[in-house]
>>> print(open('target-v9.cif').read())   # mmCIF, C-alpha atoms
data_entry
#
loop_
_atom_site.group_PDB
_atom_site.id
_atom_site.type_symbol
_atom_site.label_atom_id
_atom_site.label_comp_id
_atom_site.auth_asym_id
_atom_site.auth_seq_id
_atom_site.Cartn_x
_atom_site.Cartn_y
_atom_site.Cartn_z
ATOM 1 C CA MET C 1 10.365 -38.593 10.450
ATOM 2 C CA MET C 2 9.855 -35.984 7.719
ATOM 3 C CA GLN C 3 13.040 -34.065 7.005
ATOM 4 C CA SER C 4 13.145 -30.311 6.502
ATOM 5 C CA GLN C 5 13.526 -29.236 2.879
ATOM 6 C CA GLY C 6 15.119 -25.926 3.887
ATOM 7 C CA TYR C 7 11.894 -23.903 3.675
ATOM 8 C CA ARG C 8 11.528 -21.145 6.236
ATOM 9 C CA LEU C 9 8.515 -19.011 6.996
ATOM 10 C CA GLN C 10 8.994 -15.332 6.279
ATOM 11 C CA PHE C 11 6.877 -13.042 8.383
ATOM 12 C CA THR C 12 5.573 -9.938 6.659
ATOM 13 C CA SER C 13 7.672 -7.690 8.905
ATOM 14 C CA ALA C 14 10.883 -9.239 7.511
ATOM 15 C CA LYS C 15 9.672 -8.837 3.931
ATOM 16 C CA ILE C 16 8.838 -5.188 4.606
ATOM 17 C CA GLU C 17 12.298 -4.504 6.007
ATOM 18 C CA ASP C 18 13.894 -6.050 2.922
ATOM 19 C CA LEU C 19 11.785 -3.903 0.574
ATOM 20 C CA MET C 20 12.421 -0.756 2.605
ATOM 21 C CA TYR C 21 16.186 -1.180 2.346
ATOM 22 C CA ARG C 22 15.950 -1.892 -1.392
ATOM 23 C CA THR C 23 13.827 1.183 -2.163
ATOM 24 C CA THR C 24 15.931 3.784 -4.002
ATOM 25 C CA PHE C 25 13.377 6.397 -5.053
ATOM 26 C CA ASP C 26 14.492 9.984 -4.428
ATOM 27 C CA PRO C 27 11.551 12.439 -4.525
ATOM 28 C CA LYS C 28 13.818 15.436 -5.117
ATOM 29 C CA LYS C 29 15.394 13.836 -8.189
ATOM 30 C CA GLU C 30 12.176 11.995 -9.162
ATOM 31 C CA GLU C 31 14.108 8.829 -9.919
ATOM 32 C CA GLY C 32 14.670 5.373 -8.474
ATOM 33 C CA ASP C 33 12.767 2.214 -7.545
ATOM 34 C CA LEU C 34 9.382 2.072 -5.823
ATOM 35 C CA VAL C 35 7.758 -0.869 -4.031
ATOM 36 C CA VAL C 36 4.793 -2.112 -6.068
ATOM 37 C CA ASN C 37 1.801 -4.404 -5.754
ATOM 38 C CA ILE C 38 0.906 -6.616 -8.722
ATOM 39 C CA SER C 39 -2.754 -7.280 -9.534
ATOM 40 C CA VAL C 40 -4.184 -9.435 -12.304
ATOM 41 C CA PHE C 41 -7.665 -9.349 -13.839
ATOM 42 C CA LYS C 42 -9.519 -10.607 -16.899
ATOM 43 C CA GLU C 43 -8.771 -8.869 -20.174
ATOM 44 C CA GLU C 44 -12.505 -8.578 -20.915
ATOM 45 C CA ASP C 45 -12.963 -6.513 -17.743
ATOM 46 C CA ALA C 46 -10.012 -4.205 -18.408
ATOM 47 C CA GLU C 47 -11.939 -1.063 -19.374
ATOM 48 C CA ALA C 48 -14.281 -1.202 -16.377
ATOM 49 C CA ILE C 49 -11.517 -2.067 -13.913
ATOM 50 C CA LEU C 50 -9.121 0.609 -15.143
ATOM 51 C CA ASN C 51 -11.903 3.169 -14.792
ATOM 52 C CA ILE C 52 -12.414 1.994 -11.198
ATOM 53 C CA PHE C 53 -8.677 2.339 -10.537
ATOM 54 C CA ASN C 54 -8.679 5.831 -12.038
ATOM 55 C CA LYS C 55 -11.662 6.973 -9.990
ATOM 56 C CA THR C 56 -10.279 5.554 -6.755
ATOM 57 C CA MET C 57 -6.806 6.970 -7.328
ATOM 58 C CA SER C 58 -8.102 10.431 -8.283
ATOM 59 C CA SER C 59 -10.089 10.484 -5.027
ATOM 60 C CA GLY C 60 -6.855 10.106 -3.043
ATOM 61 C CA LEU C 61 -7.619 6.627 -1.698
ATOM 62 C CA THR C 62 -4.238 5.218 -2.644
ATOM 63 C CA VAL C 63 -0.528 6.002 -2.402
ATOM 64 C CA SER C 64 -0.010 7.213 -5.958
ATOM 65 C CA SER C 65 -1.580 7.313 -9.421
ATOM 66 C CA TYR C 66 1.554 5.829 -11.019
ATOM 67 C CA VAL C 67 0.927 2.443 -12.641
ATOM 68 C CA LYS C 68 2.393 0.026 -15.164
ATOM 69 C CA LEU C 69 0.172 -2.154 -17.336
ATOM 70 C CA LEU C 70 1.301 -5.715 -18.065
ATOM 71 C CA GLU C 71 -0.042 -7.694 -20.993
ATOM 72 C CA SER C 72 -0.442 -11.433 -21.437
ATOM 73 C CA GLY C 73 3.021 -13.021 -21.573
ATOM 74 C CA ASP C 74 4.802 -10.197 -19.751
ATOM 75 C CA THR C 75 6.971 -11.262 -16.828
ATOM 76 C CA ILE C 76 7.672 -9.312 -13.659
ATOM 77 C CA SER C 77 9.467 -10.541 -10.554
ATOM 78 C CA GLY C 78 9.372 -14.116 -11.879
ATOM 79 C CA TYR C 79 5.600 -14.032 -12.444
ATOM 80 C CA THR C 80 4.204 -14.297 -15.979
ATOM 81 C CA ILE C 81 0.827 -12.784 -16.871
ATOM 82 C CA GLU C 82 -1.404 -15.570 -18.144
ATOM 83 C CA GLU C 83 -3.272 -15.627 -21.447
ATOM 84 C CA ASN C 84 -6.401 -13.456 -21.579
ATOM 85 C CA MET C 85 -5.328 -11.617 -18.442
ATOM 86 C CA ILE C 86 -4.042 -8.111 -17.736
ATOM 87 C CA GLY C 87 -1.659 -7.153 -14.968
ATOM 88 C CA ILE C 88 -1.179 -3.802 -13.285
ATOM 89 C CA ALA C 89 1.635 -2.660 -11.016
ATOM 90 C CA THR C 90 0.642 -0.019 -8.464
ATOM 91 C CA VAL C 91 2.608 1.791 -5.779
ATOM 92 C CA CYS C 92 2.629 0.071 -2.375
ATOM 93 C CA SER C 93 2.483 2.049 0.890
ATOM 94 C CA ILE C 94 5.816 0.507 1.959
ATOM 95 C CA THR C 95 7.352 2.918 -0.567
ATOM 96 C CA VAL C 96 6.714 5.661 2.005
ATOM 97 C CA ASP C 97 8.803 3.811 4.596
ATOM 98 C CA GLY C 98 11.557 3.125 2.072
ATOM 99 C CA ILE C 99 11.804 6.784 1.051
ATOM 100 C CA LEU C 100 11.959 7.868 4.683
ATOM 101 C CA LEU C 101 14.702 5.303 5.331
ATOM 102 C CA LYS C 102 16.670 6.570 2.328
ATOM 103 C CA SER C 103 16.384 10.035 3.903
ATOM 104 C CA GLY C 104 17.976 8.704 7.082
ATOM 105 C CA ILE C 105 14.757 8.227 9.055
ATOM 106 C CA LEU C 106 13.854 4.758 10.322
ATOM 107 C CA VAL C 107 10.149 4.231 10.897
ATOM 108 C CA LYS C 108 8.616 0.965 12.041
ATOM 109 C CA PRO C 109 5.586 -0.378 10.156
ATOM 110 C CA GLN C 110 3.316 -1.889 12.801
ATOM 111 C CA PHE C 111 0.150 -3.231 11.215
ATOM 112 C CA GLY C 112 -2.366 -3.078 8.404
ATOM 113 C CA GLY C 113 -6.055 -2.753 9.040
ATOM 114 C CA LEU C 114 -9.416 -1.132 8.401
ATOM 115 C CA VAL C 115 -10.088 2.518 9.193
ATOM 116 C CA GLN C 116 -13.609 3.767 9.790
ATOM 117 C CA ILE C 117 -14.391 6.945 7.850
ATOM 118 C CA LYS C 118 -17.389 9.055 8.889
ATOM 119 C CA ASP C 119 -18.448 11.998 6.721
ATOM 120 C CA GLY C 120 -14.994 12.138 5.166
ATOM 121 C CA VAL C 121 -13.142 12.115 8.490
ATOM 122 C CA PRO C 122 -11.019 9.114 9.582
ATOM 123 C CA THR C 123 -12.046 8.148 13.109
ATOM 124 C CA ARG C 124 -10.376 4.900 14.188
ATOM 125 C CA PHE C 125 -8.853 1.578 13.240
ATOM 126 C CA THR C 126 -11.527 -1.089 13.671
ATOM 127 C CA ASP C 127 -9.571 -4.240 12.694
ATOM 128 C CA VAL C 128 -5.802 -4.765 12.568
ATOM 129 C CA LEU C 129 -3.221 -7.467 11.849
ATOM 130 C CA ARG C 130 0.362 -6.957 12.969
ATOM 131 C CA TYR C 131 3.080 -7.484 10.378
ATOM 132 C CA GLU C 132 5.227 -9.422 12.829
ATOM 133 C CA SER C 133 2.460 -11.979 13.395
ATOM 134 C CA THR C 134 1.486 -12.923 9.849
ATOM 135 C CA THR C 135 3.154 -14.304 6.740
ATOM 136 C CA ILE C 136 0.464 -12.790 4.498
ATOM 137 C CA ASP C 137 -0.026 -9.077 3.899
ATOM 138 C CA PRO C 138 -2.740 -7.936 6.351
ATOM 139 C CA LEU C 139 -4.558 -5.905 3.714
ATOM 140 C CA GLU C 140 -4.765 -8.958 1.457
ATOM 141 C CA VAL C 141 -6.228 -10.928 4.370
ATOM 142 C CA LEU C 142 -8.835 -8.270 5.109
ATOM 143 C CA MET C 143 -9.791 -8.032 1.440
ATOM 144 C CA SER C 144 -10.287 -11.784 1.324
ATOM 145 C CA GLN C 145 -12.781 -11.444 4.191
ATOM 146 C CA GLU C 146 -14.807 -8.928 2.156
ATOM 147 C CA VAL C 147 -15.088 -6.508 5.075
ATOM 148 C CA THR C 148 -14.133 -3.314 3.226
ATOM 149 C CA SER C 149 -16.636 -0.681 2.109
ATOM 150 C CA VAL C 150 -14.416 1.580 0.019
ATOM 151 C CA SER C 151 -17.087 1.950 -2.687
ATOM 152 C CA ARG C 152 -19.545 3.273 -0.121
ATOM 153 C CA MET C 153 -16.872 5.634 1.153
ATOM 154 C CA LEU C 154 -16.481 7.020 -2.386
ATOM 155 C CA ARG C 155 -20.255 7.458 -2.768
ATOM 156 C CA THR C 156 -21.223 8.762 0.647
ATOM 157 C CA GLY C 157 -18.056 9.826 2.472
ATOM 158 C CA SER C 158 -18.508 7.091 5.077
ATOM 159 C CA GLY C 159 -17.177 3.514 5.052
ATOM 160 C CA LYS C 160 -14.190 1.347 5.890
ATOM 161 C CA ILE C 161 -10.952 1.662 3.930
ATOM 162 C CA LEU C 162 -7.627 -0.176 4.020
ATOM 163 C CA ALA C 163 -4.759 1.568 5.792
ATOM 164 C CA SER C 164 -1.597 0.859 7.773
ATOM 165 C CA LEU C 165 0.214 2.375 10.714
ATOM 166 C CA ARG C 166 3.858 2.965 11.424
ATOM 167 C CA GLY C 167 5.598 4.485 14.441
ATOM 168 C CA ALA C 168 8.298 7.137 14.165
ATOM 169 C CA PRO C 169 10.656 8.766 16.705
ATOM 170 C CA MET C 170 9.346 12.172 17.809
ATOM 171 C CA ILE C 171 12.786 13.730 17.407
ATOM 172 C CA ALA C 172 12.512 13.183 13.649
ATOM 173 C CA LYS C 173 9.035 14.738 13.233
ATOM 174 C CA ASP C 174 10.172 17.859 11.369
ATOM 175 C CA ASP C 175 12.410 15.869 9.015
ATOM 176 C CA ILE C 176 9.620 13.365 8.343
ATOM 177 C CA GLU C 177 7.086 16.084 7.547
ATOM 178 C CA SER C 178 9.608 17.726 5.186
ATOM 179 C CA THR C 179 10.213 14.426 3.358
ATOM 180 C CA LEU C 180 6.474 13.696 3.158
ATOM 181 C CA ALA C 181 5.986 17.147 1.575
ATOM 182 C CA ASP C 182 8.674 16.330 -1.030
ATOM 183 C CA MET C 183 6.843 13.099 -1.815
ATOM 184 C CA ILE C 184 3.505 14.851 -2.293
ATOM 185 C CA ASP C 185 5.166 17.214 -4.774
ATOM 186 C CA VAL C 186 5.957 14.247 -7.047
ATOM 187 C CA GLY C 187 2.627 12.464 -6.722
ATOM 188 C CA ILE C 188 3.331 10.048 -3.870
ATOM 189 C CA SER C 189 1.192 10.693 -0.830
ATOM 190 C CA GLY C 190 -1.514 8.590 0.791
ATOM 191 C CA ILE C 191 -0.952 10.040 4.265
ATOM 192 C CA LEU C 192 -4.187 9.608 6.182
ATOM 193 C CA GLU C 193 -3.112 11.124 9.492
ATOM 194 C CA VAL C 194 0.070 12.173 11.279
ATOM 195 C CA GLY C 195 -0.341 11.992 15.041
ATOM 196 C CA GLU C 196 1.219 14.017 17.812
ATOM 197 C CA PRO C 197 4.087 12.643 19.942
ATOM 198 C CA ASN C 198 2.972 10.325 22.756
ATOM 199 C CA SER C 199 -0.635 10.550 21.567
ATOM 200 C CA ARG C 200 -3.057 8.029 20.167
ATOM 201 C CA VAL C 201 -3.577 8.069 16.418
ATOM 202 C CA LEU C 202 -6.913 6.844 15.089
ATOM 203 C CA ASP C 203 -7.596 5.362 18.524
ATOM 204 C CA VAL C 204 -4.318 3.380 18.641
ATOM 205 C CA ASN C 205 -1.544 3.840 21.202
ATOM 206 C CA VAL C 206 2.000 4.581 20.048
ATOM 207 C CA GLN C 207 5.310 3.822 21.711
ATOM 208 C CA ARG C 208 6.671 6.373 24.186
ATOM 209 C CA ASP C 209 8.580 9.266 22.544
ATOM 210 C CA HIS C 210 7.105 8.266 19.176
ATOM 211 C CA PHE C 211 4.197 9.380 17.015
ATOM 212 C CA GLY C 212 2.026 7.486 14.581
ATOM 213 C CA ILE C 213 1.672 7.871 10.819
ATOM 214 C CA ALA C 214 -1.394 6.311 9.216
ATOM 215 C CA VAL C 215 -1.002 5.640 5.491
ATOM 216 C CA ILE C 216 -3.794 4.782 3.068
ATOM 217 C CA GLY C 217 -3.458 1.252 1.710
ATOM 218 C CA GLY C 218 -2.228 0.884 -1.853
ATOM 219 C CA THR C 219 -4.768 -1.928 -2.301
ATOM 220 C CA ASN C 220 -7.901 0.241 -1.939
ATOM 221 C CA PRO C 221 -8.492 0.355 -5.731
ATOM 222 C CA MET C 222 -8.406 -3.465 -5.773
ATOM 223 C CA ALA C 223 -10.932 -3.512 -2.923
ATOM 224 C CA VAL C 224 -13.301 -1.365 -4.984
ATOM 225 C CA VAL C 225 -12.884 -3.714 -7.948
ATOM 226 C CA GLN C 226 -13.749 -6.672 -5.727
ATOM 227 C CA GLU C 227 -16.708 -4.848 -4.167
ATOM 228 C CA ASN C 228 -18.087 -4.294 -7.669
ATOM 229 C CA GLY C 229 -18.062 -8.029 -8.379
ATOM 230 C CA TYR C 230 -15.050 -8.322 -10.679
ATOM 231 C CA PHE C 231 -12.354 -10.970 -10.368
ATOM 232 C CA ILE C 232 -8.969 -9.616 -9.275
ATOM 233 C CA SER C 233 -5.932 -11.454 -7.910
ATOM 234 C CA ILE C 234 -3.499 -9.489 -5.757
ATOM 235 C CA ASN C 235 0.129 -10.002 -4.828
ATOM 236 C CA ALA C 236 0.861 -7.181 -2.390
ATOM 237 C CA MET C 237 4.415 -5.961 -1.776
ATOM 238 C CA SER C 238 5.509 -7.899 -4.849
ATOM 239 C CA THR C 239 8.726 -6.282 -6.011
ATOM 240 C CA LEU C 240 10.394 -2.997 -6.910
ATOM 241 C CA LEU C 241 9.958 -1.050 -10.132
ATOM 242 C CA ASP C 242 11.735 1.991 -11.547
ATOM 243 C CA ILE C 243 9.387 4.977 -11.704
ATOM 244 C CA ASP C 244 10.566 5.577 -15.275
ATOM 245 C CA GLU C 245 8.707 2.394 -16.238
ATOM 246 C CA MET C 246 5.451 3.741 -14.805
ATOM 247 C CA GLN C 247 2.868 6.276 -15.993
ATOM 248 C CA LEU C 248 0.059 8.253 -14.408
ATOM 249 C CA ILE C 249 -3.146 6.287 -14.894
ATOM 250 C CA ASP C 250 -4.769 9.306 -16.569
ATOM 251 C CA ASP C 251 -2.265 8.934 -19.399
ATOM 252 C CA ILE C 252 -3.141 5.320 -20.260
ATOM 253 C CA ILE C 253 -6.936 5.165 -20.239
#
>>> encode(input="target-v9.cif", output="structure tokens")
Amino acid sequence: MMQSQGYRLQFTSAKIEDLMYRTTFDPKKEEGDLVVNISVFKEEDAEAILNIFNKTMSSGLTVSSYVKLLESGDTISGYTIEENMIGIATVCSITVDGILLKSGILVKPQFGGLVQIKDGVPTRFTDVLRYESTTIDPLEVLMSQEVTSVSRMLRTGSGKILASLRGAPMIAKDDIESTLADMIDVGISGILEVGEPNSRVLDVNVQRDHFGIAVIGGTNPMAVVQENGYFISINAMSTLLDIDEMQLIDDII
């Protein structure tokens, strides 16, 4: 009989909770650690891909325009950027949950999925994967299926983008909206829709005495890169990074 080597599966929900508790960013002080995704692409494609990131971020289809570029040989969270490759750290949507938790508000991330946009208006989630049921980030899974149409959304105002949903207690609604406003002031947003208590949000039910918050996926720029035929490797929810190590993408291209 094969003996266990001590390896245990970690569902995405457990990883999210860990990152939420480790987030230290304070929007009022503009300091602390953010949750980041790490993406890697070919050095020869850097100019085109960074322009795609800039365009997507400036359109609001991500959590923040803060990034950190990583060159060949650089190491982050135990991962070394290979030769002839470029890495980029971008803000993950779990940062929103971590900041709310630091403010004393516990929200529960429920799932990642695709949101249908029609003429610039988000209408409904069309495909979802619950964090508690998968060991891989749902947005990574959906990207691998090539079912996004973020590029078309940018061109026409209609398409399918990556987003996630979390539930929050209705009693904390005012405090949450105040904290979200503080975040927007320092360039961290990505809020797609804030629902009303005990009401569906983007055609999804929420728990009683709760309301839903839909957040744009931090991996939408990577989806656009992929849709344009470039190679990109993604490690979502990779690690935490001090905002002082990051820059607005406008300042580096």
>>> resolve_selection(input="target-v9.cif", expression="the PyMOL selection byres ((chain C and resi 154-164) around 8)", output="number ranges by chain")
C: 56, 59, 109-120, 139, 147-153, 165-166, 214-217, 219-220
>>> closest_residue(input="target-v9.cif", among="C:Gly212, C:Glu83, C:Glu43, C:Ala223", to="C:Leu142", atoms="all atoms listed in the file")
C:Ala223
>>> closest_residue(input="target-v9.cif", among="C:Pro122, C:Pro221, C:Gly104, C:Gly190", to="C:Asp175", atoms="all atoms listed in the file")
C:Gly104
>>> resolve_selection(input="target-v9.cif", expression="the PyMOL selection byres ((chain C and resi 199-203) around 8)", output="PyMOL selection string")
chain C and resi 115+122-125+193-198+204-206+211-214
>>> residues_around(input="target-v9.cif", residues="C:Ile252", least_positions_apart="4", cutoff="12 Å", atoms="all atoms listed in the file", output="PyMOL selection string")
chain C and resi 46-47+50-51+53-54+65-69+88+246-248
>>> closest_residue(input="target-v9.cif", among="C:Lys42, C:His210, C:Lys108, C:Lys173", to="C:Ile16", atoms="all atoms listed in the file")
C:Lys108
>>> axis_aligned_box(input="target-v9.cif", around="stretch 22-32 of chain C", padding_each_side="5 Å", output="lines of an AutoDock Vina configuration file")
center_x = 13.8
center_y = 6.8
center_z = -5.7
size_x = 14.4
size_y = 27.3
size_z = 18.5
>>> build_atoms(input="target-v9.cif", residues="stretch 143-169 of chain C", atoms="N, CA, C and O atoms", output="short mmCIF file (atom, residue, chain, number, x, y, z; two decimals), in the frame of the given file")
data_model
loop_
_atom_site.label_atom_id
_atom_site.label_comp_id
_atom_site.auth_asym_id
_atom_site.auth_seq_id
_atom_site.Cartn_x
_atom_site.Cartn_y
_atom_site.Cartn_z
N MET C 143 -9.04 -8.02 2.70
CA MET C 143 -9.79 -8.03 1.44
C MET C 143 -10.45 -9.38 1.20
O MET C 143 -11.59 -9.47 0.73
N SER C 144 -9.74 -10.44 1.54
CA SER C 144 -10.29 -11.78 1.32
C SER C 144 -11.51 -12.05 2.20
O SER C 144 -12.34 -12.90 1.89
N GLN C 145 -11.63 -11.30 3.30
CA GLN C 145 -12.78 -11.44 4.19
C GLN C 145 -13.97 -10.59 3.75
O GLN C 145 -15.04 -10.65 4.36
N GLU C 146 -13.75 -9.79 2.72
CA GLU C 146 -14.81 -8.93 2.16
C GLU C 146 -15.45 -8.04 3.23
O GLU C 146 -16.67 -7.96 3.36
N VAL C 147 -14.59 -7.37 4.00
CA VAL C 147 -15.09 -6.51 5.08
C VAL C 147 -14.87 -5.02 4.77
O VAL C 147 -15.20 -4.17 5.60
N THR C 148 -14.33 -4.71 3.60
CA THR C 148 -14.13 -3.31 3.23
C THR C 148 -15.44 -2.71 2.71
O THR C 148 -16.35 -3.43 2.28
N SER C 149 -15.51 -1.40 2.73
CA SER C 149 -16.64 -0.68 2.11
C SER C 149 -16.10 0.61 1.48
O SER C 149 -16.59 1.70 1.75
N VAL C 150 -15.07 0.44 0.66
CA VAL C 150 -14.42 1.58 0.02
C VAL C 150 -15.35 2.22 -1.00
O VAL C 150 -15.40 3.45 -1.13
N SER C 151 -16.13 1.41 -1.71
CA SER C 151 -17.09 1.95 -2.69
C SER C 151 -18.10 2.87 -2.01
O SER C 151 -18.43 3.95 -2.52
N ARG C 152 -18.58 2.44 -0.86
CA ARG C 152 -19.55 3.27 -0.12
C ARG C 152 -18.88 4.56 0.36
O ARG C 152 -19.50 5.63 0.37
N MET C 153 -17.62 4.45 0.75
CA MET C 153 -16.87 5.63 1.15
C MET C 153 -16.80 6.64 0.00
O MET C 153 -16.98 7.85 0.19
N LEU C 154 -16.56 6.14 -1.22
CA LEU C 154 -16.48 7.02 -2.39
C LEU C 154 -17.83 7.69 -2.68
O LEU C 154 -17.88 8.84 -3.10
N ARG C 155 -18.92 6.94 -2.46
CA ARG C 155 -20.26 7.46 -2.77
C ARG C 155 -20.78 8.41 -1.70
O ARG C 155 -21.38 9.43 -2.01
N THR C 156 -20.55 8.05 -0.44
CA THR C 156 -21.22 8.76 0.65
C THR C 156 -20.28 9.51 1.59
O THR C 156 -20.75 10.32 2.40
N GLY C 157 -18.99 9.21 1.54
CA GLY C 157 -18.06 9.83 2.47
C GLY C 157 -17.89 9.04 3.75
O GLY C 157 -17.12 9.43 4.63
N SER C 158 -18.62 7.92 3.89
CA SER C 158 -18.51 7.09 5.08
C SER C 158 -18.32 5.63 4.67
O SER C 158 -18.97 5.15 3.73
N GLY C 159 -17.44 4.91 5.37
CA GLY C 159 -17.18 3.51 5.05
C GLY C 159 -15.89 3.07 5.72
O GLY C 159 -15.32 3.79 6.54
N LYS C 160 -15.42 1.89 5.35
CA LYS C 160 -14.19 1.35 5.89
C LYS C 160 -13.18 1.16 4.76
O LYS C 160 -13.47 0.49 3.77
N ILE C 161 -12.00 1.76 4.93
CA ILE C 161 -10.95 1.66 3.93
C ILE C 161 -9.74 0.94 4.50
O ILE C 161 -9.60 0.80 5.72
N LEU C 162 -8.86 0.50 3.62
CA LEU C 162 -7.63 -0.18 4.02
C LEU C 162 -6.54 0.85 4.31
O LEU C 162 -6.37 1.83 3.57
N ALA C 163 -5.82 0.65 5.41
CA ALA C 163 -4.76 1.57 5.79
C ALA C 163 -3.75 0.82 6.65
O ALA C 163 -3.97 -0.33 7.04
N SER C 164 -2.63 1.46 6.93
CA SER C 164 -1.60 0.86 7.77
C SER C 164 -1.01 1.92 8.68
O SER C 164 -1.16 3.12 8.45
N LEU C 165 -0.35 1.45 9.72
CA LEU C 165 0.21 2.38 10.71
C LEU C 165 1.68 2.06 10.93
O LEU C 165 2.08 0.90 11.00
N ARG C 166 2.46 3.12 11.05
CA ARG C 166 3.86 2.96 11.42
C ARG C 166 4.18 3.96 12.55
O ARG C 166 3.52 5.00 12.68
N GLY C 167 5.15 3.61 13.36
CA GLY C 167 5.60 4.49 14.44
C GLY C 167 6.91 5.14 14.06
O GLY C 167 7.75 4.55 13.38
N ALA C 168 7.09 6.39 14.51
CA ALA C 168 8.30 7.14 14.16
C ALA C 168 8.79 7.89 15.40
O ALA C 168 7.99 8.34 16.22
N PRO C 169 10.12 8.04 15.55
CA PRO C 169 10.66 8.77 16.70
C PRO C 169 10.28 10.25 16.66
O PRO C 169 10.39 10.89 15.61
#
